[in-house]
Amino acid sequence: MMDLKYLVIHRSVVVFAIVSLLSGCAIPFWGGYGADGQSREAFERHVEDIFRLQNKMTSDVMILLLLEGEDTKKRQALIQAEHHMQQACADLNEYVSRDIDGLSIGLLLRRRVEKSALDCEQAALELKALLAL
């Protein structure tokens, strides 16, 4: 009888874990969202700010490249930094694109965004510093 009770409890825990993972609700049980363990709302706001920052940096690079003279060294550095930022922000951009198009956003993409958000932000801030020179 003790074995049956153990199996029922064990099965309930496993089912709860699977349902939580599939619904995206399990993350707070392991310390929150992102590297800082933020609440879901705070993390979503932060990621939105990162998305806006990287979009602004892309626009600023495009404008500067159109207006800049022939300073090839700076031009090449900007292009490389912008390319690096686009790679670091690829998951975030895919997420936003799918959201805008009304397509489903799976748990794996959400996790990739969570893992890459700080790298994306760092790349955008590095580009911002380069633009300030």
# chains A, B, ... in the order shown; residues from 1 in each chain; ligands from 1
>>> residues_around(residues="Leu125 (chain A)", least_positions_apart="3", cutoff="9 Å", atoms="only C-alpha atoms", output="list of chain:residue names")
A:Leu53, A:Gln54, A:Met57, A:Cys120, A:Glu121, A:Gln122, A:Lys128, A:Ala129, A:Leu130
>>> write_last_selection(atoms="N, CA, C and O atoms", output="CSV table (one decimal), in the first residue's frame")
chain,number,residue,atom,x,y,z
A,53,LEU,N,16.4,49.6,-27.9
A,53,LEU,CA,17.7,50.1,-27.9
A,53,LEU,C,18.4,49.5,-29.2
A,53,LEU,O,19.0,50.3,-29.9
A,54,GLN,N,18.3,48.2,-29.4
A,54,GLN,CA,19.0,47.7,-30.6
A,54,GLN,C,18.4,48.2,-31.9
A,54,GLN,O,19.1,48.4,-32.8
A,57,MET,N,19.9,51.6,-32.3
A,57,MET,CA,21.3,51.6,-32.8
A,57,MET,C,21.4,51.2,-34.2
A,57,MET,O,22.2,51.8,-35.0
A,120,CYS,N,22.6,40.5,-26.1
A,120,CYS,CA,22.0,41.5,-27.0
A,120,CYS,C,22.1,42.9,-26.5
A,120,CYS,O,22.6,43.8,-27.2
A,121,GLU,N,21.8,43.1,-25.2
A,121,GLU,CA,21.9,44.4,-24.6
A,121,GLU,C,23.3,44.9,-24.6
A,121,GLU,O,23.6,46.0,-24.9
A,122,GLN,N,24.3,44.0,-24.2
A,122,GLN,CA,25.7,44.4,-24.2
A,122,GLN,C,26.2,44.8,-25.6
A,122,GLN,O,26.9,45.8,-25.7
A,128,LYS,N,26.5,51.5,-29.2
A,128,LYS,CA,26.2,52.9,-28.8
A,128,LYS,C,27.4,53.7,-28.4
A,128,LYS,O,27.6,54.8,-28.8
A,129,ALA,N,28.4,53.0,-27.7
A,129,ALA,CA,29.6,53.7,-27.3
A,129,ALA,C,30.5,54.0,-28.5
A,129,ALA,O,31.1,55.0,-28.6
A,130,LEU,N,30.5,53.1,-29.5
A,130,LEU,CA,31.2,53.3,-30.7
A,130,LEU,C,30.6,54.5,-31.5
A,130,LEU,O,31.4,55.2,-32.1
>>> residues_around(residues="Phe43 (chain A)", least_positions_apart="2", cutoff="12 Å", atoms="only C-alpha atoms", output="number ranges by chain")
A: 27-28, 32-41, 45-50, 110, 113-115, 117-118
>>> write_last_selection(atoms="C-alpha atoms", output="CSV table (one decimal), in the first residue's frame")
chain,number,residue,atom,x,y,z
A,27,ILE,CA,10.8,29.4,-14.5
A,28,PRO,CA,9.9,31.4,-11.4
A,32,GLY,CA,12.8,34.0,-11.9
A,33,TYR,CA,13.4,35.2,-15.5
A,34,GLY,CA,16.7,36.2,-17.0
A,35,ALA,CA,20.2,36.3,-15.5
A,36,ASP,CA,18.9,38.5,-12.7
A,37,GLY,CA,16.0,36.3,-11.7
A,38,GLN,CA,13.4,39.1,-12.4
A,39,SER,CA,9.7,38.8,-12.2
A,40,ARG,CA,8.1,38.0,-15.6
A,41,GLU,CA,6.7,41.5,-15.9
A,45,ARG,CA,9.8,45.3,-19.8
A,46,HIS,CA,13.6,44.9,-19.8
A,47,VAL,CA,13.5,42.9,-23.0
A,48,GLU,CA,11.3,45.4,-24.6
A,49,ASP,CA,13.8,48.2,-23.7
A,50,ILE,CA,16.6,46.1,-25.1
A,110,ARG,CA,11.2,32.1,-25.1
A,113,VAL,CA,15.4,35.0,-25.7
A,114,GLU,CA,15.8,34.8,-22.0
A,115,LYS,CA,19.4,33.4,-22.3
A,117,ALA,CA,18.9,39.1,-23.8
A,118,LEU,CA,21.9,40.3,-21.8
>>> closest_residue(among="A:Asp99, A:Ser104, A:His83, A:Leu127", to="Asp60 (chain A)", atoms="only C-alpha atoms")
A:Leu127
>>> atom_distance(atom1="CA of Tyr95 (chain A)", atom2="CA of Met62 (chain A)")
22.9 Å
>>> residues_around(residues="Gln87 (chain A)", least_positions_apart="2", cutoff="12 Å", atoms="only C-alpha atoms", output="MDAnalysis selection string")
chainID A and resid 54 80:85 89:94 116:117 119:121 123:124
